[in-house]
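Below is my_file-v7.csv, which holds CSV, C-alpha atoms.
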```
chain,number,residue,atom,x,y,z
J,166,MET,CA,-4.8,-36.6,-12.8
J,167,THR,CA,-7.2,-34.2,-11.2
J,168,GLU,CA,-7.6,-30.7,-12.7
J,169,PRO,CA,-6.6,-27.8,-10.4
J,170,ALA,CA,-9.6,-26.0,-8.8
J,171,THR,CA,-10.6,-22.8,-10.4
J,172,SER,CA,-13.0,-19.8,-10.0
J,173,ARG,CA,-15.6,-18.4,-12.3
J,174,LEU,CA,-14.8,-14.8,-12.6
J,175,LEU,CA,-17.2,-11.8,-12.6
J,176,GLY,CA,-18.1,-9.9,-15.7
J,177,PRO,CA,-20.2,-6.8,-16.0
J,178,ALA,CA,-23.5,-8.8,-15.8
J,179,GLU,CA,-22.5,-10.8,-12.8
J,180,VAL,CA,-21.3,-7.7,-10.9
J,181,ARG,CA,-24.5,-5.8,-11.6
J,182,ALA,CA,-26.6,-8.9,-10.6
J,183,LEU,CA,-24.7,-9.4,-7.3
J,184,ALA,CA,-25.0,-5.7,-6.5
J,185,GLU,CA,-28.7,-5.8,-7.1
J,186,ARG,CA,-29.1,-9.1,-5.1
J,187,PHE,CA,-27.4,-7.6,-2.1
J,188,GLY,CA,-28.7,-4.1,-2.4
J,189,ILE,CA,-25.2,-2.7,-2.9
J,190,ARG,CA,-24.7,0.8,-4.3
J,191,PRO,CA,-21.1,1.9,-4.7
J,192,THR,CA,-20.3,5.0,-2.5
J,193,LYS,CA,-17.8,7.7,-3.0
J,194,LYS,CA,-17.4,7.9,0.8
J,195,LEU,CA,-15.8,4.5,0.9
J,196,GLY,CA,-13.9,5.0,-2.4
J,197,GLN,CA,-15.8,2.1,-4.0
J,198,ASN,CA,-15.2,1.4,-7.7
J,199,PHE,CA,-15.8,-2.3,-8.6
J,200,VAL,CA,-13.7,-4.0,-11.3
J,201,HIS,CA,-15.9,-5.9,-13.7
J,202,ASP,CA,-13.4,-7.1,-16.3
J,203,PRO,CA,-12.0,-10.7,-15.9
J,204,ASN,CA,-8.9,-9.9,-18.0
J,205,THR,CA,-7.9,-7.1,-15.6
J,206,VAL,CA,-8.1,-9.3,-12.5
J,207,ARG,CA,-6.2,-12.1,-14.2
J,208,ARG,CA,-3.5,-9.5,-15.2
J,209,ILE,CA,-3.3,-8.2,-11.6
J,210,VAL,CA,-2.9,-11.7,-10.2
J,211,LYS,CA,-0.2,-12.6,-12.7
J,212,ALA,CA,1.7,-9.4,-12.1
J,213,ALA,CA,1.6,-10.1,-8.3
J,214,ASP,CA,3.9,-13.1,-8.9
J,215,LEU,CA,2.2,-15.2,-6.2
J,216,THR,CA,3.3,-18.7,-5.3
J,217,ALA,CA,1.0,-21.6,-4.1
J,218,GLU,CA,2.4,-20.9,-0.5
J,219,ASP,CA,1.5,-17.2,-0.4
J,220,VAL,CA,-1.1,-15.9,2.0
J,221,VAL,CA,-2.7,-12.8,0.5
J,222,VAL,CA,-4.4,-9.9,2.2
J,223,GLU,CA,-6.9,-8.0,0.0
J,224,VAL,CA,-8.3,-4.7,1.2
J,225,GLY,CA,-11.6,-3.6,-0.1
J,226,PRO,CA,-12.7,-6.8,-2.0
J,227,GLY,CA,-16.1,-5.3,-2.8
J,228,LEU,CA,-18.2,-7.8,-4.7
J,229,GLY,CA,-15.3,-10.3,-5.0
J,230,SER,CA,-14.0,-9.7,-8.6
J,231,LEU,CA,-10.3,-9.8,-7.6
J,232,THR,CA,-10.9,-12.2,-4.7
J,233,LEU,CA,-12.2,-14.9,-7.0
J,234,ALA,CA,-9.0,-14.6,-9.1
J,235,LEU,CA,-6.8,-14.7,-6.1
J,236,LEU,CA,-8.3,-17.9,-4.6
J,237,PRO,CA,-6.7,-20.4,-7.1
J,238,ALA,CA,-3.3,-18.6,-6.9
J,239,ALA,CA,-2.7,-18.5,-3.2
J,240,ALA,CA,-2.8,-20.8,-0.1
J,241,HIS,CA,-5.2,-18.4,1.7
J,242,VAL,CA,-6.8,-15.0,1.1
J,243,HIS,CA,-7.7,-12.6,3.9
J,244,ALA,CA,-10.4,-10.2,2.6
J,245,VAL,CA,-10.6,-7.1,4.8
J,246,GLU,CA,-13.8,-5.2,4.1
J,247,ILE,CA,-15.2,-2.2,6.0
J,248,ASP,CA,-18.7,-2.3,4.5
J,249,PRO,CA,-20.7,-4.8,6.5
J,250,ALA,CA,-23.1,-5.6,3.7
J,251,LEU,CA,-20.2,-6.5,1.3
J,252,ALA,CA,-18.4,-8.4,4.0
J,253,ALA,CA,-21.5,-10.5,4.7
J,254,ALA,CA,-22.1,-11.3,1.0
J,255,LEU,CA,-18.5,-12.3,0.0
J,256,PRO,CA,-18.4,-15.8,1.5
J,257,GLY,CA,-21.6,-16.7,-0.3
J,258,THR,CA,-20.1,-15.4,-3.6
J,259,ALA,CA,-17.0,-17.5,-3.1
J,260,ALA,CA,-19.1,-20.6,-2.4
J,261,GLU,CA,-21.1,-19.9,-5.6
J,262,PHE,CA,-18.3,-19.0,-8.0
J,263,ALA,CA,-15.4,-21.0,-6.5
J,264,PRO,CA,-17.0,-23.8,-4.5
J,265,ALA,CA,-13.8,-25.9,-4.3
J,266,LEU,CA,-11.8,-23.0,-3.0
J,267,ALA,CA,-14.1,-21.2,-0.7
J,268,ASP,CA,-12.4,-22.6,2.4
J,269,ARG,CA,-9.3,-20.6,1.5
J,270,LEU,CA,-11.1,-17.4,2.2
J,271,THR,CA,-11.4,-15.5,5.5
J,272,VAL,CA,-13.5,-12.3,5.5
J,273,THR,CA,-12.8,-9.7,8.1
J,274,ASN,CA,-15.3,-6.9,8.5
J,275,LEU,CA,-12.9,-4.2,9.7
J,276,ASP,CA,-11.4,-0.8,8.8
J,277,ALA,CA,-8.1,-1.7,7.2
J,278,MET,CA,-6.4,1.0,9.3
J,279,LYS,CA,-7.3,-1.1,12.4
J,280,VAL,CA,-5.8,-4.4,11.2
J,281,GLU,CA,-3.1,-5.5,13.7
J,282,ALA,CA,-2.7,-9.2,13.0
J,283,LEU,CA,-4.1,-11.9,10.7
J,284,ASP,CA,-3.8,-15.7,11.0
J,285,PRO,CA,-2.4,-17.2,8.9
J,286,ALA,CA,0.2,-14.4,8.6
J,287,PRO,CA,0.0,-12.8,5.2
J,288,THR,CA,3.0,-12.7,2.9
J,289,ALA,CA,1.5,-10.5,0.2
J,290,VAL,CA,-1.0,-7.7,-0.3
J,291,VAL,CA,-2.9,-7.6,-3.5
J,292,ALA,CA,-5.7,-5.1,-3.6
J,293,ASN,CA,-7.8,-2.5,-5.4
J,294,LEU,CA,-7.3,-0.1,-2.6
J,295,PRO,CA,-10.0,2.5,-1.8
J,296,TYR,CA,-8.6,5.6,-3.5
J,297,ASN,CA,-9.4,8.0,-0.7
J,298,VAL,CA,-7.2,6.2,1.8
J,299,GLY,CA,-4.8,4.2,-0.4
J,300,VAL,CA,-1.5,5.6,0.9
J,301,PRO,CA,-2.2,5.4,4.7
J,302,VAL,CA,-3.7,1.9,4.3
J,303,LEU,CA,-0.7,0.6,2.5
J,304,LEU,CA,1.8,2.2,5.0
J,305,HIS,CA,-0.3,0.9,7.9
J,306,LEU,CA,-0.3,-2.7,6.6
J,307,LEU,CA,3.4,-2.7,6.1
J,308,ALA,CA,3.9,-1.4,9.6
J,309,ALA,CA,1.4,-3.7,11.2
J,310,LEU,CA,2.1,-6.9,9.3
J,311,PRO,CA,5.9,-7.5,9.2
J,312,SER,CA,5.3,-10.9,7.5
J,313,LEU,CA,4.3,-9.0,4.3
J,314,GLU,CA,7.1,-9.7,1.7
J,315,LYS,CA,5.6,-8.2,-1.4
J,316,GLY,CA,2.6,-6.6,-3.0
J,317,LEU,CA,0.7,-5.3,-5.9
J,318,VAL,CA,-1.9,-2.6,-5.4
J,319,MET,CA,-4.2,-0.5,-7.6
J,320,VAL,CA,-4.5,3.1,-6.8
J,321,GLN,CA,-4.8,6.5,-8.7
J,322,GLN,CA,-2.1,6.8,-11.3
J,323,GLU,CA,-0.9,10.0,-9.7
J,324,VAL,CA,-0.5,8.2,-6.4
J,325,VAL,CA,1.4,5.4,-8.1
J,326,ASP,CA,3.8,8.0,-9.6
J,327,ARG,CA,4.2,9.6,-6.1
J,328,LEU,CA,4.9,6.3,-4.3
J,329,ALA,CA,7.4,5.1,-7.0
J,330,ALA,CA,9.2,8.4,-7.3
J,331,GLY,CA,12.9,8.8,-6.4
J,332,PRO,CA,14.8,11.7,-5.0
J,333,GLY,CA,14.9,14.8,-7.3
J,334,SER,CA,11.6,14.0,-9.0
J,335,LYS,CA,8.8,16.5,-9.0
J,336,THR,CA,6.4,13.9,-7.6
J,337,TYR,CA,8.8,12.8,-4.8
J,338,GLY,CA,7.5,13.6,-1.3
J,339,VAL,CA,6.5,12.2,2.0
J,340,PRO,CA,4.7,9.1,0.7
J,341,SER,CA,7.7,8.2,-1.5
J,342,VAL,CA,10.1,8.3,1.4
J,343,LYS,CA,7.8,6.5,3.9
J,344,LEU,CA,7.1,3.7,1.4
J,345,ALA,CA,10.9,3.4,0.7
J,346,TRP,CA,11.5,2.8,4.4
J,347,PHE,CA,9.6,-0.5,4.0
J,348,ALA,CA,10.0,-1.5,0.4
J,349,ASP,CA,11.4,-1.0,-3.1
J,350,ALA,CA,8.5,0.1,-5.3
J,351,ARG,CA,8.0,0.3,-9.1
J,352,ARG,CA,5.2,1.2,-11.5
J,353,ALA,CA,3.5,-1.9,-12.9
J,354,GLY,CA,1.3,-0.5,-15.6
J,355,PRO,CA,-1.9,1.5,-16.1
J,356,VAL,CA,-5.5,0.3,-15.7
J,357,PRO,CA,-8.2,1.6,-18.0
J,358,ARG,CA,-11.2,3.5,-16.5
J,359,ALA,CA,-13.6,1.4,-18.4
J,360,VAL,CA,-13.0,-1.8,-16.3
J,361,PHE,CA,-14.6,-0.2,-13.3
J,362,TRP,CA,-18.3,0.3,-12.2
J,363,PRO,CA,-18.9,3.1,-11.7
J,364,VAL,CA,-16.3,4.6,-14.0
J,365,PRO,CA,-14.0,6.7,-11.9
J,366,ASN,CA,-13.0,10.2,-13.0
J,367,VAL,CA,-9.3,9.6,-12.4
J,368,ASP,CA,-6.8,7.4,-14.1
J,369,SER,CA,-5.7,4.2,-12.2
J,370,GLY,CA,-2.4,2.3,-12.1
J,371,LEU,CA,-0.6,-0.6,-10.5
J,372,LEU,CA,2.2,-0.3,-8.0
J,373,ALA,CA,4.4,-3.3,-7.2
J,374,PHE,CA,6.7,-3.5,-4.2
J,375,THR,CA,9.1,-5.8,-2.4
J,376,ARG,CA,9.9,-5.6,1.3
J,377,ARG,CA,13.4,-4.5,2.2
J,378,GLU,CA,15.2,-4.0,5.5
J,379,PRO,CA,14.8,-0.5,6.9
J,380,PRO,CA,17.9,1.7,6.3
J,381,PRO,CA,20.3,2.1,9.2
J,382,GLY,CA,21.2,5.4,10.8
J,383,ASP,CA,24.9,5.4,11.4
J,384,GLY,CA,27.3,4.7,14.3
J,385,ALA,CA,25.8,7.5,16.3
J,386,ALA,CA,22.4,5.8,16.1
J,387,ALA,CA,23.7,2.7,17.9
J,388,ASP,CA,25.3,4.9,20.6
J,389,ARG,CA,22.0,6.6,21.2
J,390,GLY,CA,19.9,3.5,21.2
J,391,GLY,CA,19.1,3.6,17.5
J,392,VAL,CA,16.5,5.6,15.5
J,393,GLY,CA,13.2,4.1,14.9
J,394,ARG,CA,10.6,4.6,12.2
J,395,ALA,CA,8.6,7.1,14.2
J,396,GLU,CA,11.7,9.4,14.6
J,397,VAL,CA,12.6,9.1,10.9
J,398,PHE,CA,9.0,9.8,9.8
J,399,ALA,CA,8.7,12.8,12.1
J,400,LEU,CA,11.8,14.2,10.4
J,401,VAL,CA,10.4,13.5,6.9
J,402,ASP,CA,7.2,15.3,7.8
J,403,ALA,CA,9.1,18.3,9.1
J,404,ALA,CA,11.4,18.5,6.1
J,405,PHE,CA,8.6,18.4,3.5
J,406,ALA,CA,6.3,20.7,5.4
J,407,GLN,CA,8.4,23.5,3.9
J,408,ARG,CA,9.8,21.7,0.9
J,409,ARG,CA,10.6,24.9,-1.0
J,410,LYS,CA,13.0,26.0,1.8
J,411,ALA,CA,16.5,24.8,2.3
J,412,LEU,CA,16.8,22.2,5.1
J,413,ARG,CA,18.7,24.5,7.5
J,414,PRO,CA,15.6,26.8,8.0
J,415,ALA,CA,13.0,24.1,7.3
J,416,LEU,CA,14.4,21.9,10.1
J,417,ALA,CA,14.9,24.7,12.7
J,418,GLY,CA,11.8,23.6,14.6
J,419,TRP,CA,12.8,19.9,14.4
J,420,ALA,CA,16.4,20.6,15.7
J,421,GLY,CA,15.6,23.5,18.0
J,422,SER,CA,17.2,26.3,16.0
J,423,PRO,CA,18.6,26.9,12.5
J,424,ALA,CA,22.1,26.6,13.9
J,425,ALA,CA,21.3,23.2,15.5
J,426,ALA,CA,19.8,22.1,12.2
J,427,GLU,CA,22.9,23.0,10.3
J,428,GLU,CA,25.1,21.2,12.8
J,429,ALA,CA,23.0,18.0,12.5
J,430,LEU,CA,23.0,18.2,8.7
J,431,ARG,CA,26.7,18.7,8.5
J,432,ALA,CA,27.3,15.8,10.9
J,433,ALA,CA,25.2,13.6,8.7
J,434,GLY,CA,27.1,14.7,5.6
J,435,ILE,CA,24.2,16.7,4.1
J,436,ASP,CA,24.5,20.1,2.6
J,437,PRO,CA,22.5,22.5,4.9
J,438,MET,CA,21.2,24.3,1.8
J,439,ALA,CA,19.9,21.2,0.1
J,440,ARG,CA,16.1,20.7,-0.1
J,441,ALA,CA,14.1,17.7,1.2
J,442,GLU,CA,13.3,16.4,-2.2
J,443,THR,CA,17.0,15.7,-2.9
J,444,LEU,CA,17.3,13.3,0.1
J,445,GLY,CA,16.7,9.5,0.0
J,446,VAL,CA,15.4,7.5,2.9
J,447,GLU,CA,18.9,6.5,3.9
J,448,ASP,CA,19.8,10.2,4.2
J,449,PHE,CA,16.8,10.9,6.4
J,450,ALA,CA,17.6,7.9,8.6
J,451,ARG,CA,21.2,9.1,9.0
J,452,LEU,CA,20.1,12.6,9.7
J,453,ALA,CA,17.6,11.4,12.3
J,454,ALA,CA,20.4,9.8,14.2
J,455,HIS,CA,22.0,13.2,14.6
J,456,ARG,CA,19.0,15.1,16.0
J,457,PRO,CA,20.1,17.2,19.0
J,458,ARG,CA,19.1,15.5,22.2
```

In structure tokens, how does this file's structure come out?
Amino acid sequence: MTEPATSRLLGPAEVRALAERFGIRPTKKLGQNFVHDPNTVRRIVKAADLTAEDVVVEVGPGLGSLTLALLPAAAHVHAVEIDPALAAALPGTAAEFAPALADRLTVTNLDAMKVEALDPAPTAVVANLPYNVGVPVLLHLLAALPSLEKGLVMVQQEVVDRLAAGPGSKTYGVPSVKLAWFADARRAGPVPRAVFWPVPNVDSGLLAFTRREPPPGDGAAADRGGVGRAEVFALVDAAFAQRRKALRPALAGWAGSPAAAEEALRAAGIDPMARAETLGVEDFARLAAHRPR
């Protein structure tokens, strides 16, 4: 019986050696902090709950620490890397450290915000996301890649808290609602600063999510041709732009006047004096369906 193919993982010495070989210096501009602890990447892959049929998209693979751990666990890995030097180096690293699995890897030198389609279609995203653009990248991937069913991403701990927050929480806001449109999210544990090179000056954490159907509006939505994501997200942006205000005045611009906002809120079964932070994504979808036309 043949042994399953595996990867040699990168430790601190290998990460430094590869960086020196390729002339790589982590940059704050691209939000680069490379993981150099094998136990951390093993933990991430295990928590991602991948199957042998999953196709993974990894954003910001860097020197390949997480990539090498993903290759034995998935059918295919799409590594999307904006840095041309890192993108060019990664296939060689896979061939060196995981020779029997290197054909499972496709490297795409592209800004993740410009990803529109990948073949084969990814079913999961597992990534140490660049911290300066983590939220918009995650929301873009979920919008652009409807085949994504689940994911596990590493971002700043405060961003994890924000994305996983529910209505009524102090950290609940625009990112929380927009992610909830696509998926159910939960905190999946902290990540120590010491596993990164260079060591970041922020705490990191893991966020897990599972795709769900977008919330419906209501009967009126169908009569008006339905409400789409853009309409709901525009409402969310408007509501939280003045989050300390009650929704009646906060949504006056969105509805056309405070009176029109109150009428829409009452029609959607929402207290006009409630605040944005008390509404769930289903409430926003229902309210968007009652926007004055």

Checklist entry - For J:Pro295, which residue among J:Val224, J:Ala330, J:Leu231, J:Ala184 is the nearest when counting all atoms listed in the file? => result J:Val224

Checklist entry - Between atom CA of J:Arg269 and atom CA of J:Asn204, what is the spacing in Å? => result 22.2 Å

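When atom CA of J:Ile189 is paired with atom CA of J:Thr273, their separation reads 18.0 Å.
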
Item to check | Sphere at (7.2, -0.9, 1.5), radius 9 Å, counting all atoms listed in the file: residues as number ranges by chain | outcome: J: 303-304, 307-308, 314-316, 343-350, 374-377

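Each of J:Asn274, J:Asn366, J:Gln407, J:Asn293 was checked against J:Val339 using only C-alpha atoms; the smallest atom-to-atom distance is that of J:Gln407.
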
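The gap separating atom CA of J:Val342 from atom CA of J:Ala292 is 21.3 Å, in Å to one decimal.
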
Next on the checklist: Using all atoms listed in the file, can you tell me which of J:Asn198, J:Ser312, J:Thr216, J:Asn297 comes closest to J:Pro237?
Outcome noted: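 The shortest atom-to-atom distance to J:Pro237 comes from J:Thr216.
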
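If all atoms listed in the file are the atoms counted, then among J:Val206, J:Leu416, J:Ala453, J:Ala254 the closest residue to J:Arg186 is J:Ala254.
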
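Comparing J:Thr288, J:Gln197, J:Thr171, J:Ser422 by their smallest distance to J:His241, the closest is J:Thr288 (using all atoms listed in the file).
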
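Near J:Ala425, within a cut-off of 12 Å and counting all atoms listed in the file, sit the residues Leu412, Arg413, Pro414, Ala415, Leu416, Ala417, Gly418, Trp419, Ala420, Gly421, Ser422, Glu428, Ala429, Leu430, Arg431, Ala432, Pro437, His455, Arg456, Pro457 and Arg458 of chain J, with same-chain residues fewer than 3 positions away left out.
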
Checklist entry - Excluding same-chain residues fewer than 3 positions from J:Glu223, what lies within 9 Å of it counting all atoms listed in the file, as a VMD selection string? => result chain J and resid 226 231 to 232 242 to 246 289 to 294

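Closest approach to J:Gly188 from the set J:Leu228, J:Met319, J:Ala267, J:Thr336 is made by J:Leu228, with distances taken over all atoms listed in the file.
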
Item to check | Near-stretch 362-365 of chain J list (10 Å; only C-alpha atoms; drop same-chain fewer than 5 positions) as JSON, numbers by chain | outcome: {"J": [177, 180, 181, 190, 191, 192, 193, 196, 197, 198, 199, 200, 201, 202, 321, 357]}

Since fewer atoms than expected are present, regenerate N, CA and C atoms for stretch 255-266 of chain J and write them as a PDB file, in the frame of the given file.
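Result file follows (result_37.pdb):
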```
ATOM      1  N   LEU J 255     -19.674 -11.701   0.729  1.00  0.00           N
ATOM      2  CA  LEU J 255     -18.500 -12.300   0.000  1.00  0.00           C
ATOM      3  C   LEU J 255     -18.374 -13.800   0.206  1.00  0.00           C
ATOM      4  N   PRO J 256     -18.539 -14.366   1.415  1.00  0.00           N
ATOM      5  CA  PRO J 256     -18.400 -15.800   1.500  1.00  0.00           C
ATOM      6  C   PRO J 256     -19.373 -16.592   0.641  1.00  0.00           C
ATOM      7  N   GLY J 257     -20.589 -16.088   0.512  1.00  0.00           N
ATOM      8  CA  GLY J 257     -21.600 -16.700  -0.300  1.00  0.00           C
ATOM      9  C   GLY J 257     -21.174 -16.659  -1.819  1.00  0.00           C
ATOM     10  N   THR J 258     -20.602 -15.522  -2.215  1.00  0.00           N
ATOM     11  CA  THR J 258     -20.100 -15.400  -3.600  1.00  0.00           C
ATOM     12  C   THR J 258     -19.004 -16.351  -3.879  1.00  0.00           C
ATOM     13  N   ALA J 259     -18.086 -16.503  -2.919  1.00  0.00           N
ATOM     14  CA  ALA J 259     -17.000 -17.500  -3.100  1.00  0.00           C
ATOM     15  C   ALA J 259     -17.530 -18.890  -3.200  1.00  0.00           C
ATOM     16  N   ALA J 260     -18.510 -19.212  -2.386  1.00  0.00           N
ATOM     17  CA  ALA J 260     -19.100 -20.600  -2.400  1.00  0.00           C
ATOM     18  C   ALA J 260     -19.804 -20.817  -3.743  1.00  0.00           C
ATOM     19  N   GLU J 261     -20.393 -19.768  -4.328  1.00  0.00           N
ATOM     20  CA  GLU J 261     -21.100 -19.900  -5.600  1.00  0.00           C
ATOM     21  C   GLU J 261     -20.192 -19.991  -6.798  1.00  0.00           C
ATOM     22  N   PHE J 262     -19.167 -19.145  -6.827  1.00  0.00           N
ATOM     23  CA  PHE J 262     -18.300 -19.000  -8.000  1.00  0.00           C
ATOM     24  C   PHE J 262     -17.016 -19.851  -7.900  1.00  0.00           C
ATOM     25  N   ALA J 263     -16.624 -20.230  -6.694  1.00  0.00           N
ATOM     26  CA  ALA J 263     -15.400 -21.000  -6.500  1.00  0.00           C
ATOM     27  C   ALA J 263     -15.631 -22.033  -5.386  1.00  0.00           C
ATOM     28  N   PRO J 264     -16.586 -22.953  -5.553  1.00  0.00           N
ATOM     29  CA  PRO J 264     -17.000 -23.800  -4.500  1.00  0.00           C
ATOM     30  C   PRO J 264     -15.836 -24.695  -3.903  1.00  0.00           C
ATOM     31  N   ALA J 265     -14.896 -25.093  -4.747  1.00  0.00           N
ATOM     32  CA  ALA J 265     -13.800 -25.900  -4.300  1.00  0.00           C
ATOM     33  C   ALA J 265     -12.710 -25.143  -3.567  1.00  0.00           C
ATOM     34  N   LEU J 266     -12.819 -23.819  -3.619  1.00  0.00           N
ATOM     35  CA  LEU J 266     -11.800 -23.000  -3.000  1.00  0.00           C
ATOM     36  C   LEU J 266     -12.260 -22.069  -1.931  1.00  0.00           C
TER      37      LEU J 266
END
```
